[in-house]
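Participant: Encoded as structure tokens, here's the structure I'll be asking about.
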Amino acid sequence: FRVAVFASGQGSNFQALADAAAAGRLGGATVDLLVCDKPEAPVVKRAEAAGVDTFVFRPKEYDSREAYETEIKAELESRGIDLIVLAGYMRLITPVLVESYSGRMVNIHPSLLPAFAGKDAIGQALDYGVKLTGITVHLVDGGMDTGAVVAQQAVEITAEDSRESLEAKIHAAETKLYPEVVAAFAEGRVTVEGRKVTLVGR
Ligand code: GRF
């Protein structure tokens with residue numbers, strides 16, 4: 001079971017997935033490819049250090065999103081990728097990939113969706129003053145953070161929390177949950193009926 005991770009930034013989730021795969025904790029899946037739209041992003045170095053192949057591109061060098069996604073799709077198909085895992089990939093996905101990987105593409109978002117969709121969900125939660133936020137793994141459809149929910153976990157916001165401490169709690173939850181969800185896909189423990197997604201054994 002082959003996984004491609006798409007990321008644009010720090011790559012803590014990428015690292016957790018690569019580490020889980022190396023330790024045999026990803027349901028037998030391998031992380032075969034990193035797709036990254038920012039050549040300078042720290043995640044690229046992490047992939048190199050982990051021995052994971054990279055497909056790094058500059059969106060500006062293409063005429064359209066569809067143009068670079070068509071290249072990415074060919075790369076994924078040539079490698080027989082089974083699941084696309086978005087981990088801080090800061091670009092909207094077009095039908096070129098959404099339609100080919102329907103039910104086989106997940107994203108992680110740092111809030112309990114449908115609350116605080118879109119950019120800076122952690123800042124949105126702090127500004128709103130909620131006492132409970134969390135993380136969501138969801139299938140990717142054509143919208144922004146609108147796909148069916150696969151897994152969620154709550155994270156409390158206390159009076160002592162700063163932006164940094166909340167980010168740390170969210171990242172700790174993400175880097176634990178995401179490998180578990182990817183393992184469930186790899187082991188065939190995920191069923192999708194419309195918006196009802198069930199993880200067997202969780
Ligand atoms: C994560 O918080 C994820 O929820 C969001 O982007 C962040 C990526 O962090 N979509 P990292 O690059 O994995 O460290």
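Every chain in the structure tokens takes a letter, A first, then B, and so on in the order presented; its residues are numbered from 1, and the ligands are numbered from 1 following the presented order.
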Which protein, DNA or RNA residues have an atom within 10 Å of ligand 1, counting only C-alpha atoms and all ligand atoms, as a PyMOL selection string?

Facilitator: chain A and resi 6-17+41-43+86-90+107-111+118-122+134-137+145+167-168+170-175+178

Participant: Excluding Asp141 (chain A) and any residue of its chain fewer than 2 positions from it, enumerate the residues within 12 Å of it, using only C-alpha atoms, and give them as a ChimeraX atom specification.

Facilitator: /A:92-107,138-139,143-149,194-195

Participant: Just N, CA and C atoms for this one: save the residues we selected as a PDB file, in the first residue's frame.

Facilitator:
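Listing of selection_2.pdb after writing:
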ATOM      1  N   LEU A  92      -5.487  24.529  -3.179  1.00  0.00           N
ATOM      2  CA  LEU A  92      -6.731  23.816  -3.475  1.00  0.00           C
ATOM      3  C   LEU A  92      -6.461  22.745  -4.531  1.00  0.00           C
ATOM      4  N   ILE A  93      -7.153  21.633  -4.394  1.00  0.00           N
ATOM      5  CA  ILE A  93      -6.992  20.517  -5.328  1.00  0.00           C
ATOM      6  C   ILE A  93      -8.093  20.610  -6.385  1.00  0.00           C
ATOM      7  N   THR A  94      -7.735  20.419  -7.637  1.00  0.00           N
ATOM      8  CA  THR A  94      -8.725  20.537  -8.716  1.00  0.00           C
ATOM      9  C   THR A  94      -9.309  19.152  -9.035  1.00  0.00           C
ATOM     10  N   PRO A  95     -10.343  19.132  -9.892  1.00  0.00           N
ATOM     11  CA  PRO A  95     -10.931  17.845 -10.284  1.00  0.00           C
ATOM     12  C   PRO A  95      -9.920  16.883 -10.919  1.00  0.00           C
ATOM     13  N   VAL A  96      -8.819  17.378 -11.453  1.00  0.00           N
ATOM     14  CA  VAL A  96      -7.821  16.475 -12.059  1.00  0.00           C
ATOM     15  C   VAL A  96      -7.431  15.396 -11.046  1.00  0.00           C
ATOM     16  N   LEU A  97      -7.159  15.803  -9.816  1.00  0.00           N
ATOM     17  CA  LEU A  97      -6.796  14.819  -8.784  1.00  0.00           C
ATOM     18  C   LEU A  97      -8.007  14.350  -7.978  1.00  0.00           C
ATOM     19  N   VAL A  98      -8.937  15.254  -7.689  1.00  0.00           N
ATOM     20  CA  VAL A  98     -10.093  14.878  -6.846  1.00  0.00           C
ATOM     21  C   VAL A  98     -10.852  13.717  -7.490  1.00  0.00           C
ATOM     22  N   GLU A  99     -11.063  13.783  -8.787  1.00  0.00           N
ATOM     23  CA  GLU A  99     -11.881  12.749  -9.437  1.00  0.00           C
ATOM     24  C   GLU A  99     -11.142  11.422  -9.527  1.00  0.00           C
ATOM     25  N   SER A 100      -9.835  11.459  -9.728  1.00  0.00           N
ATOM     26  CA  SER A 100      -9.084  10.196  -9.835  1.00  0.00           C
ATOM     27  C   SER A 100      -8.874   9.551  -8.477  1.00  0.00           C
ATOM     28  N   TYR A 101      -8.854  10.339  -7.432  1.00  0.00           N
ATOM     29  CA  TYR A 101      -8.549   9.797  -6.097  1.00  0.00           C
ATOM     30  C   TYR A 101      -9.723   9.968  -5.130  1.00  0.00           C
ATOM     31  N   SER A 102     -10.918   9.946  -5.663  1.00  0.00           N
ATOM     32  CA  SER A 102     -12.111  10.067  -4.833  1.00  0.00           C
ATOM     33  C   SER A 102     -12.158   8.929  -3.806  1.00  0.00           C
ATOM     34  N   GLY A 103     -12.277   9.284  -2.531  1.00  0.00           N
ATOM     35  CA  GLY A 103     -12.273   8.279  -1.465  1.00  0.00           C
ATOM     36  C   GLY A 103     -10.884   7.787  -1.115  1.00  0.00           C
ATOM     37  N   ARG A 104      -9.885   8.302  -1.840  1.00  0.00           N
ATOM     38  CA  ARG A 104      -8.497   7.863  -1.609  1.00  0.00           C
ATOM     39  C   ARG A 104      -7.574   9.066  -1.377  1.00  0.00           C
ATOM     40  N   MET A 105      -8.162  10.155  -0.904  1.00  0.00           N
ATOM     41  CA  MET A 105      -7.363  11.341  -0.593  1.00  0.00           C
ATOM     42  C   MET A 105      -7.888  11.940   0.710  1.00  0.00           C
ATOM     43  N   VAL A 106      -6.990  12.126   1.689  1.00  0.00           N
ATOM     44  CA  VAL A 106      -7.396  12.675   2.982  1.00  0.00           C
ATOM     45  C   VAL A 106      -6.591  13.935   3.293  1.00  0.00           C
ATOM     46  N   ASN A 107      -7.180  14.751   4.177  1.00  0.00           N
ATOM     47  CA  ASN A 107      -6.513  15.964   4.640  1.00  0.00           C
ATOM     48  C   ASN A 107      -6.633  16.005   6.165  1.00  0.00           C
ATOM     49  N   HIS A 138     -10.297  14.340   7.145  1.00  0.00           N
ATOM     50  CA  HIS A 138     -11.472  14.222   6.278  1.00  0.00           C
ATOM     51  C   HIS A 138     -11.060  13.847   4.864  1.00  0.00           C
ATOM     52  N   LEU A 139     -12.031  13.263   4.135  1.00  0.00           N
ATOM     53  CA  LEU A 139     -11.811  12.998   2.721  1.00  0.00           C
ATOM     54  C   LEU A 139     -11.775  14.332   1.989  1.00  0.00           C
ATOM     55  N   GLY A 143     -14.290  21.099  -2.418  1.00  0.00           N
ATOM     56  CA  GLY A 143     -14.389  22.316  -1.612  1.00  0.00           C
ATOM     57  C   GLY A 143     -13.221  22.489  -0.661  1.00  0.00           C
ATOM     58  N   MET A 144     -13.285  23.561   0.123  1.00  0.00           N
ATOM     59  CA  MET A 144     -12.221  23.825   1.103  1.00  0.00           C
ATOM     60  C   MET A 144     -12.645  23.249   2.452  1.00  0.00           C
ATOM     61  N   ASP A 145     -12.035  22.143   2.860  1.00  0.00           N
ATOM     62  CA  ASP A 145     -12.314  21.505   4.161  1.00  0.00           C
ATOM     63  C   ASP A 145     -13.764  21.042   4.294  1.00  0.00           C
ATOM     64  N   THR A 146     -14.354  20.575   3.192  1.00  0.00           N
ATOM     65  CA  THR A 146     -15.778  20.210   3.190  1.00  0.00           C
ATOM     66  C   THR A 146     -16.033  18.705   3.069  1.00  0.00           C
ATOM     67  N   GLY A 147     -15.012  17.903   2.861  1.00  0.00           N
ATOM     68  CA  GLY A 147     -15.226  16.473   2.612  1.00  0.00           C
ATOM     69  C   GLY A 147     -15.686  15.720   3.846  1.00  0.00           C
ATOM     70  N   ALA A 148     -16.148  14.488   3.642  1.00  0.00           N
ATOM     71  CA  ALA A 148     -16.677  13.672   4.740  1.00  0.00           C
ATOM     72  C   ALA A 148     -15.614  13.439   5.809  1.00  0.00           C
ATOM     73  N   VAL A 149     -16.072  13.468   7.063  1.00  0.00           N
ATOM     74  CA  VAL A 149     -15.166  13.322   8.210  1.00  0.00           C
ATOM     75  C   VAL A 149     -14.769  11.855   8.404  1.00  0.00           C
ATOM     76  N   GLY A 194     -21.289   7.546   1.197  1.00  0.00           N
ATOM     77  CA  GLY A 194     -21.625   8.971   1.169  1.00  0.00           C
ATOM     78  C   GLY A 194     -20.797   9.715   2.205  1.00  0.00           C
ATOM     79  N   ARG A 195     -21.494  10.458   3.099  1.00  0.00           N
ATOM     80  CA  ARG A 195     -20.751  11.195   4.125  1.00  0.00           C
ATOM     81  C   ARG A 195     -20.478  10.365   5.360  1.00  0.00           C
TER      82      ARG A 195
END

Participant: What is the distance, in Å and to one decimal place, between CA of Ala50 (chain A) and CA of Ala67 (chain A)?

Facilitator: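 CA of Ala50 (chain A) sits 28.6 Å away from CA of Ala67 (chain A).
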
Participant: Go ahead and compute the interatomic distance for CA of Gln124 (chain A) and CA of Val85 (chain A), in Å to one decimal.

Facilitator: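 These two atoms are separated by 23.9 Å.
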
Participant: I need the residues in region 35-97 of chain A that are helix (DSSP H, G or I) according to DSSP; give them as JSON, numbers by chain.

Facilitator: {"A": [42, 43, 44, 45, 46, 47, 48, 49, 50, 59, 60, 61, 65, 66, 67, 68, 69, 70, 71, 72, 73, 74, 75, 76, 77, 78, 95, 96, 97]}

Participant: Can you spit out the residues from that selection as a CSV table (one decimal), in the first residue's frame, using N, CA and C atoms?

Facilitator:
chain,number,residue,atom,x,y,z
A,42,PRO,N,10.9,23.4,4.7
A,42,PRO,CA,11.7,22.4,5.5
A,42,PRO,C,11.3,21.0,5.2
A,43,VAL,N,10.0,20.7,4.8
A,43,VAL,CA,9.6,19.3,4.6
A,43,VAL,C,10.4,18.7,3.5
A,44,VAL,N,11.0,19.4,2.6
A,44,VAL,CA,11.8,18.8,1.5
A,44,VAL,C,13.0,18.2,2.1
A,45,LYS,N,13.7,18.9,3.0
A,45,LYS,CA,14.9,18.3,3.7
A,45,LYS,C,14.5,17.1,4.5
A,46,ARG,N,13.4,17.1,5.1
A,46,ARG,CA,13.0,16.0,5.9
A,46,ARG,C,12.8,14.7,5.0
A,47,ALA,N,12.2,14.9,3.8
A,47,ALA,CA,12.0,13.8,2.9
A,47,ALA,C,13.4,13.3,2.5
A,48,GLU,N,14.3,14.2,2.1
A,48,GLU,CA,15.6,13.7,1.7
A,48,GLU,C,16.3,12.9,2.8
A,49,ALA,N,16.2,13.4,4.0
A,49,ALA,CA,16.8,12.7,5.2
A,49,ALA,C,16.2,11.4,5.4
A,50,ALA,N,14.9,11.3,5.1
A,50,ALA,CA,14.2,10.0,5.4
A,50,ALA,C,14.3,9.1,4.2
A,59,PRO,N,4.5,26.4,-8.6
A,59,PRO,CA,3.3,26.7,-9.3
A,59,PRO,C,3.4,27.8,-10.4
A,60,LYS,N,4.2,28.8,-10.1
A,60,LYS,CA,4.3,29.9,-11.1
A,60,LYS,C,4.8,29.5,-12.4
A,61,GLU,N,5.5,28.4,-12.5
A,61,GLU,CA,6.1,27.9,-13.7
A,61,GLU,C,5.0,27.2,-14.6
A,65,ARG,N,-3.5,25.4,-12.5
A,65,ARG,CA,-3.4,24.4,-11.5
A,65,ARG,C,-3.5,23.0,-12.1
A,66,GLU,N,-4.4,23.0,-13.1
A,66,GLU,CA,-4.6,21.7,-13.8
A,66,GLU,C,-3.4,21.2,-14.5
A,67,ALA,N,-2.5,22.2,-15.0
A,67,ALA,CA,-1.3,21.8,-15.7
A,67,ALA,C,-0.3,21.1,-14.7
A,68,TYR,N,-0.1,21.6,-13.5
A,68,TYR,CA,0.8,20.9,-12.6
A,68,TYR,C,0.2,19.7,-12.0
A,69,GLU,N,-1.1,19.7,-11.8
A,69,GLU,CA,-1.8,18.5,-11.3
A,69,GLU,C,-1.7,17.3,-12.3
A,70,THR,N,-1.8,17.6,-13.6
A,70,THR,CA,-1.7,16.6,-14.6
A,70,THR,C,-0.3,15.9,-14.5
A,71,GLU,N,0.7,16.7,-14.2
A,71,GLU,CA,2.1,16.1,-14.1
A,71,GLU,C,2.1,15.3,-12.8
A,72,ILE,N,1.6,15.8,-11.7
A,72,ILE,CA,1.6,15.1,-10.4
A,72,ILE,C,0.8,13.8,-10.6
A,73,LYS,N,-0.3,13.8,-11.3
A,73,LYS,CA,-1.1,12.6,-11.5
A,73,LYS,C,-0.3,11.5,-12.2
A,74,ALA,N,0.4,11.9,-13.2
A,74,ALA,CA,1.2,10.9,-13.9
A,74,ALA,C,2.3,10.3,-13.0
A,75,GLU,N,2.9,11.2,-12.2
A,75,GLU,CA,3.9,10.7,-11.2
A,75,GLU,C,3.3,9.7,-10.2
A,76,LEU,N,2.1,10.0,-9.7
A,76,LEU,CA,1.4,9.1,-8.8
A,76,LEU,C,1.0,7.8,-9.4
A,77,GLU,N,0.6,7.9,-10.7
A,77,GLU,CA,0.1,6.7,-11.4
A,77,GLU,C,1.3,5.8,-11.7
A,78,SER,N,2.4,6.4,-12.1
A,78,SER,CA,3.6,5.6,-12.4
A,78,SER,C,4.2,4.9,-11.2
A,95,PRO,N,-10.3,19.1,-9.9
A,95,PRO,CA,-10.9,17.8,-10.3
A,95,PRO,C,-9.9,16.9,-10.9
A,96,VAL,N,-8.8,17.4,-11.5
A,96,VAL,CA,-7.8,16.5,-12.1
A,96,VAL,C,-7.4,15.4,-11.0
A,97,LEU,N,-7.2,15.8,-9.8
A,97,LEU,CA,-6.8,14.8,-8.8
A,97,LEU,C,-8.0,14.3,-8.0

Participant: Report the distance between CA of Ser165 (chain A) and CA of Val181 (chain A) in Å, rounded to one decimal place.

Facilitator: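 Between CA of Ser165 (chain A) and CA of Val181 (chain A) the gap works out to 24.4 Å.
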
Participant: Using the chain letters and numbers from this document, which residues of region 24-131 of chain A does DSSP assign to strand (DSSP E or B), as an MDAnalysis selection string?

Facilitator: chainID A and resid 30:36 53:56 83:86 105:109

Participant: From the set A:Ala4, A:Ala183, A:Leu132, A:Ala154, which residue has the shortest atom-to-atom contact distance to Val31 (chain A), counting only C-alpha atoms?

Facilitator: A:Ala4

Participant: Can you tell me, as a list in words, what residues are no more than 9 Å from Glu187 (chain A) when counting only C-alpha atoms, ignoring any on the same chain fewer than 6 positions away?

Facilitator: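 My list of contacting residues is Phe1, Leu26, Gly27, Gly28 and Ala29 of chain A.
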
Participant: Selected residues, N, CA and C atoms, written as a PDB file, in the first residue's frame, please.

Facilitator:
ATOM      1  N   PHE A   1       0.858  -1.189   0.000  1.00  0.00           N
ATOM      2  CA  PHE A   1       0.000   0.000   0.000  1.00  0.00           C
ATOM      3  C   PHE A   1       0.887   1.229   0.000  1.00  0.00           C
ATOM      4  N   LEU A  26       2.503   1.654  10.153  1.00  0.00           N
ATOM      5  CA  LEU A  26       1.597   2.332   9.216  1.00  0.00           C
ATOM      6  C   LEU A  26       0.753   1.297   8.454  1.00  0.00           C
ATOM      7  N   GLY A  27       0.420   0.223   9.144  1.00  0.00           N
ATOM      8  CA  GLY A  27      -0.431  -0.798   8.533  1.00  0.00           C
ATOM      9  C   GLY A  27       0.224  -1.472   7.337  1.00  0.00           C
ATOM     10  N   GLY A  28       1.555  -1.465   7.322  1.00  0.00           N
ATOM     11  CA  GLY A  28       2.261  -2.066   6.192  1.00  0.00           C
ATOM     12  C   GLY A  28       2.437  -1.111   5.019  1.00  0.00           C
ATOM     13  N   ALA A  29       1.933   0.121   5.163  1.00  0.00           N
ATOM     14  CA  ALA A  29       2.073   1.097   4.071  1.00  0.00           C
ATOM     15  C   ALA A  29       3.488   1.673   4.031  1.00  0.00           C
TER      16      ALA A  29
END
